[in-house]
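**Q** Structure file upload_14.cif, mmCIF, C-alpha atoms and all ligand atoms, is pasted below:
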data_final
loop_
_atom_site.label_atom_id
_atom_site.label_comp_id
_atom_site.auth_asym_id
_atom_site.auth_seq_id
_atom_site.Cartn_x
_atom_site.Cartn_y
_atom_site.Cartn_z
CA MET L 1 79.57 83.83 92.48
CA THR L 2 77.71 86.47 94.44
CA GLU L 3 78.10 89.99 93.10
CA ARG L 4 78.41 92.78 95.60
CA ARG L 5 79.67 96.30 95.59
CA ARG L 6 81.62 97.89 98.34
CA ARG L 7 83.28 101.14 99.12
CA LEU L 8 86.37 100.99 101.24
CA ARG L 9 86.93 102.78 104.48
CA LEU L 10 89.99 104.74 103.57
CA HIS L 11 93.22 105.80 105.07
CA PRO L 12 92.91 109.55 105.65
CA VAL L 13 94.16 111.28 102.55
CA SER L 14 94.10 114.89 101.46
CA LEU L 15 94.17 115.19 97.72
CA PRO L 16 95.58 118.58 96.77
CA GLU L 17 93.00 121.22 95.95
CA ALA L 18 95.30 122.87 93.42
CA VAL L 19 97.22 120.24 91.47
CA VAL L 20 100.96 120.88 91.41
CA PRO L 21 102.58 120.66 87.96
CA TRP L 22 104.66 117.51 87.74
CA ALA L 23 107.94 119.24 86.90
CA ALA L 24 107.78 121.37 90.04
CA LEU L 25 106.68 118.45 92.18
CA GLU L 26 109.45 116.20 90.85
CA LEU L 27 112.12 118.79 91.62
CA GLU L 28 110.86 119.11 95.20
CA MET L 29 110.70 115.36 95.69
CA LYS L 30 114.21 114.81 94.39
CA ALA L 31 115.57 117.27 96.95
CA CYS L 32 113.60 115.85 99.89
CA VAL L 33 115.31 115.47 103.26
CA ARG L 34 112.19 114.94 105.34
CA CYS L 35 113.33 111.71 106.94
CA HIS L 36 116.37 109.73 108.03
CA LEU L 37 116.58 107.82 104.72
CA ALA L 38 117.80 110.97 102.95
CA SER L 39 121.33 110.49 104.23
CA LEU L 40 121.42 106.82 103.14
CA ARG L 41 120.13 107.04 99.59
CA HIS L 42 121.92 107.62 96.31
CA GLN L 43 118.82 108.90 94.57
CA VAL L 44 115.20 109.67 95.30
CA VAL L 45 113.20 107.17 93.26
CA VAL L 46 110.14 109.06 92.08
CA TYR L 47 108.28 107.54 89.14
CA ARG L 48 108.59 105.59 85.92
CA GLY L 49 105.98 105.57 83.20
CA ALA L 50 103.60 107.51 81.04
CA PRO L 51 103.05 111.25 81.34
CA ARG L 52 99.32 110.66 81.77
CA PRO L 53 98.84 107.19 83.22
CA TRP L 54 95.33 105.98 83.82
CA VAL L 55 96.70 102.94 85.66
CA LEU L 56 99.14 103.60 88.51
CA PHE L 57 101.04 100.73 90.14
CA ILE L 58 102.24 101.44 93.65
CA GLY L 59 104.96 99.34 95.26
CA GLU L 60 106.61 99.58 98.64
CA ALA L 61 110.16 100.98 98.52
CA PRO L 62 113.14 101.09 96.15
CA GLY L 63 115.80 98.40 96.22
CA LYS L 64 119.46 98.51 95.28
CA GLU L 65 118.98 98.76 91.51
CA GLU L 66 116.30 101.40 91.88
CA ASP L 67 118.51 103.43 94.23
CA ALA L 68 121.29 103.29 91.65
CA SER L 69 119.14 104.14 88.64
CA GLY L 70 116.65 106.55 90.22
CA LEU L 71 113.75 104.62 88.65
CA PRO L 72 111.25 102.33 90.38
CA PHE L 73 110.90 98.62 89.54
CA VAL L 74 113.93 98.16 87.31
CA GLY L 75 115.29 95.01 89.02
CA ARG L 76 114.01 91.43 88.89
CA ALA L 77 110.65 92.34 90.39
CA GLY L 78 110.34 95.15 87.86
CA ARG L 79 110.93 92.76 84.99
CA ILE L 80 108.18 90.49 86.30
CA LEU L 81 105.86 93.48 86.54
CA ASP L 82 106.75 94.71 83.04
CA ARG L 83 106.07 91.27 81.53
CA ALA L 84 102.69 91.03 83.24
CA VAL L 85 101.73 94.55 82.19
CA ALA L 86 102.68 93.90 78.55
CA ALA L 87 100.71 90.65 78.52
CA SER L 88 97.64 92.40 79.91
CA GLY L 89 97.35 94.65 76.86
CA LEU L 90 98.28 97.88 78.65
CA ARG L 91 100.33 100.13 76.41
CA PRO L 92 103.31 102.15 77.64
CA ARG L 93 101.24 105.33 77.46
CA ASP L 94 98.63 103.82 79.79
CA TRP L 95 100.52 103.21 82.97
CA GLY L 96 103.16 104.24 85.48
CA VAL L 97 104.73 102.94 88.67
CA THR L 98 105.89 104.47 91.92
CA ASN L 99 106.46 103.46 95.55
CA VAL L 100 105.07 104.37 98.95
CA ILE L 101 108.62 105.22 100.10
CA MET L 102 110.93 106.97 97.63
CA CYS L 103 114.33 106.31 99.25
CA ARG L 104 115.89 102.91 99.76
CA PRO L 105 115.60 101.63 103.35
CA PRO L 106 118.51 99.65 104.86
CA GLN L 107 118.33 95.89 104.15
CA ASN L 108 115.27 96.69 102.01
CA ARG L 109 113.13 96.54 105.16
CA PHE L 110 109.92 98.51 104.90
CA ASP L 111 110.21 101.51 107.23
CA ARG L 112 106.92 102.84 108.62
CA ARG L 113 108.50 106.06 109.90
CA ALA L 114 109.77 106.83 106.41
CA ALA L 115 106.39 105.88 104.95
CA ALA L 116 104.71 108.43 107.22
CA ALA L 117 107.22 111.10 106.21
CA CYS L 118 106.80 110.23 102.53
CA ARG L 119 103.01 110.18 102.74
CA PRO L 120 102.47 113.79 101.58
CA TRP L 121 104.52 113.01 98.47
CA LEU L 122 102.41 109.95 97.77
CA GLU L 123 99.28 112.06 98.00
CA ALA L 124 100.80 114.77 95.81
CA LYS L 125 101.79 112.21 93.17
CA PHE L 126 98.33 110.75 93.26
CA GLY L 127 96.73 114.19 92.95
CA THR L 128 98.92 115.25 90.03
CA LEU L 129 99.00 112.01 88.06
CA ASP L 130 95.29 111.48 88.74
CA PRO L 131 95.07 107.82 87.75
CA ARG L 132 91.75 106.11 87.22
CA VAL L 133 92.97 102.73 88.43
CA LEU L 134 95.30 102.09 91.37
CA VAL L 135 97.09 98.76 91.63
CA THR L 136 98.86 98.26 94.95
CA LEU L 137 101.72 95.76 94.95
CA GLY L 138 102.25 94.00 98.24
CA THR L 139 101.15 94.37 101.83
CA HIS L 140 102.61 97.76 102.63
CA ALA L 141 101.30 99.39 99.47
CA LEU L 142 97.79 98.16 100.23
CA GLU L 143 98.19 99.26 103.83
CA ALA L 144 98.84 102.82 102.63
CA PHE L 145 95.39 102.99 101.04
CA ALA L 146 93.13 100.48 102.72
CA PRO L 147 94.68 98.98 105.85
CA GLU L 148 91.40 97.35 106.82
CA GLU L 149 91.61 95.22 103.68
CA LEU L 150 94.61 93.28 104.94
CA PRO L 151 95.76 90.54 104.79
CA ILE L 152 96.98 90.84 101.23
CA SER L 153 96.45 87.11 100.69
CA ARG L 154 92.72 87.75 100.97
CA ALA L 155 92.57 91.17 99.29
CA ALA L 156 94.68 90.43 96.20
CA GLY L 157 92.63 90.09 93.05
CA HIS L 158 89.53 91.78 94.51
CA ALA L 159 88.57 95.10 92.91
CA ALA L 160 87.01 97.85 94.99
CA THR L 161 86.24 101.54 94.67
CA ILE L 162 88.19 104.30 96.37
CA TRP L 163 87.67 107.99 95.74
CA GLY L 164 85.51 107.06 92.79
CA ARG L 165 88.38 105.10 91.25
CA THR L 166 89.20 101.44 91.08
CA LEU L 167 91.59 99.85 93.54
CA PHE L 168 93.01 96.47 92.57
CA PRO L 169 95.42 95.01 95.16
CA MET L 170 97.99 92.47 94.01
CA LEU L 171 100.86 90.57 95.56
CA HIS L 172 104.29 92.14 95.25
CA PRO L 173 105.99 90.70 92.14
CA ALA L 174 109.10 89.87 94.22
CA SER L 175 107.04 87.38 96.23
CA THR L 176 106.68 85.25 93.12
CA LEU L 177 110.45 84.70 93.07
CA HIS L 178 110.31 82.71 96.29
CA SER L 179 107.04 80.82 96.15
CA LYS L 180 105.41 78.76 93.41
CA ARG L 181 102.06 79.29 95.13
CA TYR L 182 102.47 83.07 94.97
CA GLY L 183 103.50 82.78 91.34
CA GLU L 184 100.26 81.00 90.54
CA ARG L 185 98.27 83.55 92.51
CA TRP L 186 100.05 86.39 90.68
CA ARG L 187 99.10 84.89 87.32
CA ASP L 188 95.47 84.32 88.41
CA ASP L 189 95.12 87.88 89.67
CA TRP L 190 96.60 89.29 86.49
CA ALA L 191 94.21 87.21 84.38
CA ARG L 192 91.32 88.69 86.35
CA PHE L 193 92.73 92.20 86.04
CA ALA L 194 93.19 91.82 82.27
CA VAL L 195 89.53 90.90 81.94
CA LEU L 196 88.49 94.03 83.86
CA LEU L 197 90.79 96.43 82.02
CA PRO L 198 88.72 97.07 78.88
CA SER L 199 85.79 98.23 81.03
CA LEU L 200 88.04 100.61 82.97
CA ARG L 201 89.87 102.19 80.03
CA PRO L 202 88.90 105.88 79.78
CA ASP L 203 86.95 107.08 76.81
CA PRO L 204 89.24 109.58 75.06
CA PHE L 205 86.21 111.59 73.92
CA ALA L 206 84.51 111.74 77.31
CA GLU L 207 84.30 115.12 79.04
CA GLY L 208 86.19 113.80 82.05
CA SER L 209 89.14 112.69 79.91
CA LYS L 210 90.34 116.21 79.24
CA PRO L 211 93.45 117.18 81.16
CA ARG L 212 92.92 119.59 84.03
CA ILE L 213 96.25 121.28 83.46
CA CYS L 214 99.16 120.83 81.14
CA SER L 215 102.74 121.23 82.19
CA ALA L 216 106.07 120.66 80.54
CA SER L 217 108.67 118.51 82.23
CA PRO L 218 112.33 117.95 81.48
CA ALA L 219 111.65 114.23 81.84
CA GLY L 220 109.23 114.25 78.94
CA GLY L 221 106.29 116.08 80.42
CA LEU L 222 103.69 115.13 82.92
CA ALA L 223 100.24 116.50 83.03
CA PRO L 224 97.35 114.88 84.85
CA PRO L 225 94.55 113.30 82.92
CA GLY L 226 90.98 114.32 83.47
CA ASP L 227 89.07 113.65 86.61
CA GLY L 228 86.79 111.08 85.05
CA PRO L 229 84.40 109.18 87.23
CA GLY L 230 85.54 105.83 88.57
CA ARG L 231 83.31 102.79 88.67
CA ALA L 232 82.28 100.59 91.49
CA LEU L 233 83.05 97.06 90.44
CA PRO L 234 81.30 93.85 91.16
CA LEU L 235 83.52 91.97 93.54
CA ARG L 236 84.44 88.38 93.79
CA SER L 237 82.81 86.95 96.85
S1 LIG L 301 111.84 108.53 102.04
FE1 LIG L 301 110.46 110.14 101.29
S2 LIG L 301 110.27 111.55 103.02
FE2 LIG L 301 112.12 110.31 103.40
S3 LIG L 301 113.78 111.53 102.51
FE3 LIG L 301 113.08 110.07 100.94
S4 LIG L 301 111.62 111.23 99.72
FE4 LIG L 301 111.88 112.34 101.65
#
Would you mind giving the structure from this file in structure tokens?
**A**
Amino acid sequence: MTERRRRLRLHPVSLPEAVVPWAALELEMKACVRCHLASLRHQVVVYRGAPRPWVLFIGEAPGKEEDASGLPFVGRAGRILDRAVAASGLRPRDWGVTNVIMCRPPQNRFDRRAAAACRPWLEAKFGTLDPRVLVTLGTHALEAFAPEELPISRAAGHAATIWGRTLFPMLHPASTLHSKRYGERWRDDWARFAVLLPSLRPDPFAEGSKPRICSASPAGGLAPPGDGPGRALPLRS
């Protein structure tokens, strides 16, 4: 296997200069009416997970169960994700999950207009949560960060560096419900990710691990972790 390092050409993104406290950001997001999906949703589906995740999973859009509960990945796909995460050794305090679009689109069809409207929220979540590792789930989630890396069938399971952090694209867990081949690929990619994880875990005593700000939140508190340096990873060729 040839080792190589690469940096991705990125989708334009403007990480906030001043990080917004999570509680304030969450309130704004839950009241959002920036696009046509606002009138169709029951709830804005913001985030599920640790207050200070160093691994952030990013899916595409909420489905019916997410729209009803207000939490991302709580249906069948969410259970597949949760099982894989638990098997990888990640602890609940290590990770969180969100979506590119926060309101359920009709027929669960990915809606690019809504994704564009929701983009500033995605960037704000990223800036405030400040994860060290990003795991995109599915084509549209990868497209939001590194569209030139598509197709997902080629990109999944290949680590790369973005903004000094690690990007690890994966298939969407729902795809494994319909295809044995995708199920096998999902398991292979998770095995590879689990091997990488110990080298990515932040050192709790490192300077960069200190939180930049602390903020209380009614949902249990969210404050971003430190802005520790990411690592460029050797890639599978
Ligand atoms: S999809 Fe995003 S931009 Fe559109 S209303 Fe919902 S939260 Fe706002």
**Q** I'd like the interatomic distance between atom CA of L:Gly70 and atom FE3 of ligand LIG 301 (chain L), to a tenth of an Å.
**A**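 One can read the atom CA of L:Gly70 to atom FE3 of ligand LIG 301 (chain L) distance as 11.8 Å.
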**Q** Which protein, DNA or RNA residues have an atom within 6 Å of ligand LIG 301 (chain L), counting only C-alpha atoms and all ligand atoms, as an NGL selection string?
**A** :L and (29 or 32-35 or 37-38 or 44 or 101-103 or 114 or 117-118)
**Q** Those residues you just picked out, can you put them in a file as a compact mmCIF listing (two decimals), keeping the file's coordinate frame with C-alpha atoms?
**A**
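See result_35.txt below for the written result:
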# COMPACT_ATOMS: atom_id res chain seq x y z
CA MET L 29 110.70 115.36 95.69
CA CYS L 32 113.60 115.85 99.89
CA VAL L 33 115.31 115.47 103.26
CA ARG L 34 112.19 114.94 105.34
CA CYS L 35 113.33 111.71 106.94
CA LEU L 37 116.58 107.82 104.72
CA ALA L 38 117.80 110.97 102.95
CA VAL L 44 115.20 109.67 95.30
CA ILE L 101 108.62 105.22 100.10
CA MET L 102 110.93 106.97 97.63
CA CYS L 103 114.33 106.31 99.25
CA ALA L 114 109.77 106.83 106.41
CA ALA L 117 107.22 111.10 106.21
CA CYS L 118 106.80 110.23 102.53
**Q** I'd like the contact shell of L:Ser175 - 12 Å cut-off, only C-alpha atoms, skipping same-chain residues fewer than 5 positions apart - returned as a PyMOL selection string.
**A** chain L and resi 76-78+80-81+137-139+152-153+170+180-186
**Q** One decimal, in Å: what's the spacing between atom CA of L:Arg132 and atom CA of L:Trp54?
**A** 4.9 Å
**Q** With distances taken over only C-alpha atoms, which of L:Leu25, L:Leu171, L:Val45, L:Ala155 is nearest to L:Ala68?
**A** L:Val45
**Q** Tell me which protein, DNA and RNA residues are within 10 Å of L:Arg109, counting all atoms listed in the file, leaving out same-chain ones fewer than 2 positions away, and put them as a PDB file with C-alpha atoms, in the coordinates of the input.
**A**
ATOM      1  CA  GLU L  60     106.610  99.580  98.640  1.00  0.00           C
ATOM      2  CA  ALA L  61     110.160 100.980  98.520  1.00  0.00           C
ATOM      3  CA  GLY L  63     115.800  98.400  96.220  1.00  0.00           C
ATOM      4  CA  ARG L 104     115.890 102.910  99.760  1.00  0.00           C
ATOM      5  CA  PRO L 105     115.600 101.630 103.350  1.00  0.00           C
ATOM      6  CA  PRO L 106     118.510  99.650 104.860  1.00  0.00           C
ATOM      7  CA  GLN L 107     118.330  95.890 104.150  1.00  0.00           C
ATOM      8  CA  ASP L 111     110.210 101.510 107.230  1.00  0.00           C
ATOM      9  CA  ARG L 112     106.920 102.840 108.620  1.00  0.00           C
TER      10      ARG L 112
END
**Q** Nearest to L:Ala50: which of L:Ala31, L:Val133, L:Val97, L:Ala86 is it, counting all atoms listed in the file?
**A**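 Nearest to L:Ala50: L:Val97.
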**Q** Taking all atoms listed in the file into account, which of L:Ala23, L:Ala115, L:Leu56, L:Val85 comes nearest L:Pro131?
**A**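 Closest candidate: L:Leu56.
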**Q** Determine the nearest neighbour of L:Leu129 from the options L:Arg91, L:Leu200, L:Arg83, L:Gly96, counting only C-alpha atoms.
**A** L:Gly96
**Q** Between atom CA of L:Pro204 and atom CA of L:Arg93, what is the distance in Å, rounded to a tenth?
**A**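 Distance reported for this atom pair: 13.0 Å.
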**Q** Rank nothing, just name the residue among L:Pro120, L:Pro173, L:Pro198, L:Pro53 nearest to L:Ala144, using all atoms listed in the file.
**A** L:Pro120
**Q** Of the candidates L:Ala174, L:Ala141, L:Ala116, L:Leu122, which shows the shortest atom-to-atom distance to L:Phe73, using only C-alpha atoms?
**A**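 Residue with the minimum atom-to-atom distance to L:Phe73: L:Ala174.
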